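K.L.:
Sharing entry-v1.pdb, PDB, C-alpha atoms, pLDDT in the B column:
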ATOM      1  CA  MET L   1       0.000   0.000   0.000  1.00 68.00           C
ATOM      2  CA  GLY L   2       1.433   3.325  -1.043  1.00 85.00           C
ATOM      3  CA  LEU L   3       1.250   6.759   0.478  1.00 83.00           C
ATOM      4  CA  ARG L   4      -1.438   7.900  -1.942  1.00 86.00           C
ATOM      5  CA  GLU L   5      -3.741   5.015  -1.053  1.00 88.00           C
ATOM      6  CA  THR L   6      -3.192   5.594   2.670  1.00 85.00           C
ATOM      7  CA  LEU L   7      -4.048   9.297   2.371  1.00 84.00           C
ATOM      8  CA  ASN L   8      -7.160   8.459   0.314  1.00 87.00           C
ATOM      9  CA  GLU L   9      -8.355   5.962   2.920  1.00 90.00           C
ATOM     10  CA  LYS L  10      -7.463   8.162   5.927  1.00 89.00           C
ATOM     11  CA  PRO L  11      -7.806  11.832   4.937  1.00 89.00           C
ATOM     12  CA  ILE L  12      -7.253  12.934   8.549  1.00 92.00           C
ATOM     13  CA  ILE L  13      -3.537  12.165   8.111  1.00 89.00           C
ATOM     14  CA  GLY L  14      -3.248  14.471   5.105  1.00 88.00           C
ATOM     15  CA  ARG L  15      -5.208  17.221   6.820  1.00 91.00           C
ATOM     16  CA  SER L  16      -3.056  16.930   9.941  1.00 92.00           C
ATOM     17  CA  LEU L  17       0.118  17.244   7.863  1.00 91.00           C
ATOM     18  CA  ALA L  18      -1.332  20.304   6.110  1.00 93.00           C
ATOM     19  CA  VAL L  19      -2.179  21.988   9.433  1.00 95.00           C
ATOM     20  CA  ILE L  20       1.322  21.266  10.775  1.00 96.00           C
ATOM     21  CA  ALA L  21       2.877  22.708   7.604  1.00 96.00           C
ATOM     22  CA  ILE L  22       0.754  25.870   7.904  1.00 96.00           C
ATOM     23  CA  PHE L  23       1.769  26.356  11.552  1.00 95.00           C
ATOM     24  CA  CYS L  24       5.443  25.869  10.678  1.00 94.00           C
ATOM     25  CA  ALA L  25       5.203  28.379   7.820  1.00 94.00           C
ATOM     26  CA  ALA L  26       3.480  30.912  10.092  1.00 92.00           C
ATOM     27  CA  TYR L  27       6.130  30.453  12.783  1.00 90.00           C
ATOM     28  CA  PHE L  28       9.036  30.973  10.381  1.00 85.00           C
ATOM     29  CA  MET L  29       7.328  33.957   8.742  1.00 84.00           C
ATOM     30  CA  PHE L  30       6.686  35.581  12.133  1.00 81.00           C
ATOM     31  CA  ARG L  31      10.293  34.970  13.192  1.00 75.00           C
ATOM     32  CA  ALA L  32      11.636  36.443   9.951  1.00 71.00           C
ATOM     33  CA  LEU L  33       9.501  39.567  10.378  1.00 72.00           C
ATOM     34  CA  ASN L  34      10.376  40.027  14.061  1.00 66.00           C
ATOM     35  CA  SER L  35      13.150  42.617  14.028  1.00 60.00           C
ATOM     36  CA  THR L  36      14.001  42.211  17.718  1.00 65.00           C
ATOM     37  CA  GLU L  37      15.893  38.986  17.048  1.00 70.00           C
ATOM     38  CA  PRO L  38      19.666  39.678  17.038  1.00 73.00           C
ATOM     39  CA  ASP L  39      20.096  37.758  13.785  1.00 72.00           C
ATOM     40  CA  SER L  40      17.167  39.326  11.910  1.00 72.00           C
ATOM     41  CA  LEU L  41      17.855  40.752   8.488  1.00 74.00           C
ATOM     42  CA  GLU L  42      16.460  44.145   9.473  1.00 76.00           C
ATOM     43  CA  ARG L  43      18.710  44.388  12.537  1.00 81.00           C
ATOM     44  CA  ARG L  44      21.819  43.231  10.659  1.00 84.00           C
ATOM     45  CA  SER L  45      21.118  45.826   7.964  1.00 86.00           C
ATOM     46  CA  GLU L  46      20.908  48.810  10.300  1.00 91.00           C
ATOM     47  CA  MET L  47      23.691  51.338  10.550  1.00 93.00           C
ATOM     48  CA  VAL L  48      25.493  51.640  13.901  1.00 95.00           C
ATOM     49  CA  THR L  49      27.804  54.373  15.185  1.00 95.00           C
ATOM     50  CA  ILE L  50      31.267  53.267  16.238  1.00 95.00           C
ATOM     51  CA  ARG L  51      33.686  55.289  18.364  1.00 94.00           C
ATOM     52  CA  ASP L  52      37.460  55.022  18.481  1.00 94.00           C
ATOM     53  CA  THR L  53      38.212  54.767  22.217  1.00 92.00           C
ATOM     54  CA  GLU L  54      41.646  56.380  21.779  1.00 92.00           C
ATOM     55  CA  THR L  55      40.888  59.366  19.552  1.00 93.00           C
ATOM     56  CA  GLY L  56      37.137  59.777  20.105  1.00 93.00           C
ATOM     57  CA  ASP L  57      36.466  59.824  16.350  1.00 94.00           C
ATOM     58  CA  GLU L  58      33.201  58.263  15.227  1.00 95.00           C
ATOM     59  CA  TRP L  59      32.033  56.566  12.040  1.00 94.00           C
ATOM     60  CA  GLU L  60      29.049  54.542  10.867  1.00 95.00           C
ATOM     61  CA  MET L  61      29.033  50.971   9.668  1.00 94.00           C
ATOM     62  CA  ASN L  62      26.505  48.292   8.827  1.00 93.00           C
ATOM     63  CA  ARG L  63      25.819  46.144  11.950  1.00 92.00           C
ATOM     64  CA  GLY L  64      26.306  42.928   9.991  1.00 92.00           C
ATOM     65  CA  GLN L  65      29.779  43.988   8.852  1.00 94.00           C
ATOM     66  CA  PHE L  66      30.643  45.192  12.363  1.00 93.00           C
ATOM     67  CA  GLU L  67      29.651  41.865  13.949  1.00 92.00           C
ATOM     68  CA  ARG L  68      31.483  39.950  11.225  1.00 92.00           C
ATOM     69  CA  LEU L  69      34.696  41.782  12.138  1.00 92.00           C
ATOM     70  CA  LEU L  70      34.164  40.827  15.782  1.00 92.00           C
ATOM     71  CA  LEU L  71      33.487  37.199  14.878  1.00 89.00           C
ATOM     72  CA  LEU L  72      36.670  36.969  12.820  1.00 89.00           C
ATOM     73  CA  GLN L  73      38.890  38.044  15.728  1.00 89.00           C
ATOM     74  CA  GLN L  74      40.764  35.259  17.500  1.00 88.00           C
ATOM     75  CA  GLY L  75      39.482  34.256  20.930  1.00 87.00           C
ATOM     76  CA  ASP L  76      36.901  36.035  23.052  1.00 90.00           C
ATOM     77  CA  ILE L  77      36.129  39.697  22.502  1.00 90.00           C
ATOM     78  CA  ASP L  78      37.479  41.921  25.253  1.00 89.00           C
ATOM     79  CA  PRO L  79      34.857  44.579  26.077  1.00 88.00           C
ATOM     80  CA  SER L  80      37.617  47.180  26.381  1.00 86.00           C
ATOM     81  CA  SER L  81      38.793  46.582  22.798  1.00 86.00           C
ATOM     82  CA  GLY L  82      36.787  46.316  19.580  1.00 88.00           C
ATOM     83  CA  ILE L  83      37.252  46.354  15.810  1.00 91.00           C
ATOM     84  CA  PRO L  84      40.259  47.853  14.015  1.00 90.00           C
ATOM     85  CA  SER L  85      40.000  51.632  13.741  1.00 90.00           C
ATOM     86  CA  LYS L  86      41.231  53.644  10.768  1.00 88.00           C
ATOM     87  CA  PHE L  87      41.848  56.545  13.151  1.00 89.00           C
ATOM     88  CA  SER L  88      44.301  54.592  15.349  1.00 88.00           C
ATOM     89  CA  ASP L  89      46.388  52.841  12.688  1.00 88.00           C
ATOM     90  CA  GLY L  90      44.257  49.684  12.760  1.00 87.00           C
ATOM     91  CA  LYS L  91      44.339  49.106  16.523  1.00 89.00           C
ATOM     92  CA  PRO L  92      41.260  47.212  17.753  1.00 90.00           C
ATOM     93  CA  VAL L  93      39.675  50.166  19.588  1.00 91.00           C
ATOM     94  CA  GLY L  94      36.396  50.663  17.684  1.00 92.00           C
ATOM     95  CA  VAL L  95      33.332  50.039  19.882  1.00 94.00           C
ATOM     96  CA  LEU L  96      29.634  50.801  19.610  1.00 93.00           C
ATOM     97  CA  VAL L  97      28.676  54.226  20.972  1.00 94.00           C
ATOM     98  CA  ASP L  98      25.621  52.704  22.709  1.00 93.00           C
ATOM     99  CA  LYS L  99      27.271  51.106  25.754  1.00 92.00           C
ATOM    100  CA  ASP L 100      24.384  48.716  26.536  1.00 93.00           C
ATOM    101  CA  ASP L 101      24.251  47.553  22.905  1.00 92.00           C
ATOM    102  CA  TRP L 102      28.047  47.084  22.949  1.00 94.00           C
ATOM    103  CA  GLU L 103      27.955  44.959  26.113  1.00 94.00           C
ATOM    104  CA  GLU L 104      25.066  42.838  24.775  1.00 93.00           C
ATOM    105  CA  THR L 105      26.849  42.354  21.444  1.00 92.00           C
ATOM    106  CA  VAL L 106      30.120  41.288  23.110  1.00 94.00           C
ATOM    107  CA  LYS L 107      28.274  38.858  25.388  1.00 94.00           C
ATOM    108  CA  ARG L 108      26.278  37.346  22.477  1.00 92.00           C
ATOM    109  CA  ILE L 109      29.288  36.992  20.163  1.00 92.00           C
ATOM    110  CA  ASN L 110      31.453  35.473  22.900  1.00 93.00           C
ATOM    111  CA  ALA L 111      28.653  32.958  23.581  1.00 92.00           C
ATOM    112  CA  MET L 112      28.471  32.145  19.853  1.00 89.00           C
ATOM    113  CA  LYS L 113      32.221  31.607  19.731  1.00 89.00           C
ATOM    114  CA  ALA L 114      32.101  29.386  22.826  1.00 90.00           C
ATOM    115  CA  ARG L 115      29.329  27.230  21.276  1.00 88.00           C
ATOM    116  CA  TYR L 116      31.213  26.975  17.996  1.00 82.00           C
ATOM    117  CA  ASN L 117      34.525  26.091  19.635  1.00 79.00           C
ATOM    118  CA  SER L 118      32.921  23.447  21.860  1.00 73.00           C
ATOM    119  CA  GLY L 119      31.357  21.799  18.808  1.00 65.00           C
ATOM    120  CA  GLY L 120      27.759  22.478  19.937  1.00 57.00           C
TER     121      GLY L 120
END
Let me see whether you can do it: turn the structure in this file into structure tokens.

P.N.:
Amino acid sequence: MGLRETLNEKPIIGRSLAVIAIFCAAYFMFRALNSTEPDSLERRSEMVTIRDTETGDEWEMNRGQFERLLLLQQGDIDPSSGIPSKFSDGKPVGVLVDKDDWEETVKRINAMKARYNSGG
């Protein structure tokens, strides 16, 4: 007996699968549209202001590019350092101007690195 015959004899199975598929689609659509998630497309596309902690100069950068630079650094991110700054000859002193956002970003990226390095 094939799948088609089973679904014809027991339509409740097909209907149940359709309802599950609709709920899954709604969940993923809601998650994609929710911009509060740290990995949402809208959040990664926003521009953030970065400050050189040595010179005080500021510049703007796409959040996705900023976080990529943090992810590519070896080891954990030190909250007192940051990304390389063009104003300080490439020293890693560029941090987000918003202190709370900076601390949350460092914590989240360090957790991501720890999960990746532990194989989980």

K.L.:
Would you be able to write out as a VMD selection string which residues have an atom within 9 Å of (40.8, 58.2, 18.9) in the file's coordinates, counting all atoms listed in the file?

P.N.:
chain L and resid 51 to 58 85 87 to 88 93 to 94

K.L.:
Store the residues picked out above in a file with C-alpha atoms, as a short mmCIF file (atom, residue, chain, number, x, y, z; two decimals), keeping the file's coordinate frame.

P.N.:
data_model
loop_
_atom_site.label_atom_id
_atom_site.label_comp_id
_atom_site.auth_asym_id
_atom_site.auth_seq_id
_atom_site.Cartn_x
_atom_site.Cartn_y
_atom_site.Cartn_z
CA ARG L 51 33.69 55.29 18.36
CA ASP L 52 37.46 55.02 18.48
CA THR L 53 38.21 54.77 22.22
CA GLU L 54 41.65 56.38 21.78
CA THR L 55 40.89 59.37 19.55
CA GLY L 56 37.14 59.78 20.10
CA ASP L 57 36.47 59.82 16.35
CA GLU L 58 33.20 58.26 15.23
CA SER L 85 40.00 51.63 13.74
CA PHE L 87 41.85 56.54 13.15
CA SER L 88 44.30 54.59 15.35
CA VAL L 93 39.67 50.17 19.59
CA GLY L 94 36.40 50.66 17.68
#

K.L.:
From the set L:Lys91, L:Leu33, L:Ile109, L:Phe66, which residue has the shortest atom-to-atom contact distance to Met47 (chain L), counting only C-alpha atoms?

P.N.:
L:Phe66

K.L.:
Mind telling me what the PyMOL selection byres ((chain L and resi 48) around 6) catches here, as a PyMOL selection string?

P.N.:
chain L and resi 47+49+60-61+63

K.L.:
What separation in Å, quoted to one decimal, exists between CA of Phe28 (chain L) and CA of Tyr116 (chain L)?

P.N.:
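Computed distance, CA of Phe28 (chain L) to CA of Tyr116 (chain L), equals 23.8 Å.
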
K.L.:
Report, as JSON, the centre and edge lengths in Å (one decimal) of the axis-aligned box enclosing every listed atom of region 39-58 of chain L, padded by 6 Å on each side.

P.N.:
{"center_x": 29.1, "center_y": 48.8, "center_z": 15.1, "size_x": 37.2, "size_y": 34.1, "size_z": 26.3}

K.L.:
Which residues, named as in the file, does the PyMOL selection byres ((chain L and resi 76) around 9) pick out? Answer as JSON, numbers by chain.

P.N.:
{"L": [71, 73, 74, 75, 77, 78, 106, 109, 110, 111, 113, 114]}

K.L.:
Can you turn the PyMOL selection byres ((chain L and resi 36-45) around 9) into a concrete residue list for this file, as a PyMOL selection string?

P.N.:
chain L and resi 31-35+46-47+62-65+67+105+108

K.L.:
Keeping C-alpha atoms for every residue in the selection just given, could you write it to a file as a PDB file, in the coordinates of the input?

P.N.:
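Final output, again.pdb:
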ATOM      1  CA  ARG L  31      10.293  34.970  13.192  1.00 75.00           C
ATOM      2  CA  ALA L  32      11.636  36.443   9.951  1.00 71.00           C
ATOM      3  CA  LEU L  33       9.501  39.567  10.378  1.00 72.00           C
ATOM      4  CA  ASN L  34      10.376  40.027  14.061  1.00 66.00           C
ATOM      5  CA  SER L  35      13.150  42.617  14.028  1.00 60.00           C
ATOM      6  CA  GLU L  46      20.908  48.810  10.300  1.00 91.00           C
ATOM      7  CA  MET L  47      23.691  51.338  10.550  1.00 93.00           C
ATOM      8  CA  ASN L  62      26.505  48.292   8.827  1.00 93.00           C
ATOM      9  CA  ARG L  63      25.819  46.144  11.950  1.00 92.00           C
ATOM     10  CA  GLY L  64      26.306  42.928   9.991  1.00 92.00           C
ATOM     11  CA  GLN L  65      29.779  43.988   8.852  1.00 94.00           C
ATOM     12  CA  GLU L  67      29.651  41.865  13.949  1.00 92.00           C
ATOM     13  CA  THR L 105      26.849  42.354  21.444  1.00 92.00           C
ATOM     14  CA  ARG L 108      26.278  37.346  22.477  1.00 92.00           C
TER      15      ARG L 108
END

K.L.:
Please measure the separation of CA of Arg4 (chain L) and CA of Ala25 (chain L), giving the value in Å to one decimal.

P.N.:
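Interatomic distance, CA of Arg4 (chain L) to CA of Ala25 (chain L): 23.6 Å.
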
K.L.:
So how many Å separate CA of Leu72 (chain L) and CA of Lys107 (chain L), to one decimal?

P.N.:
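Result for CA of Leu72 (chain L) versus CA of Lys107 (chain L): 15.2 Å, one decimal.
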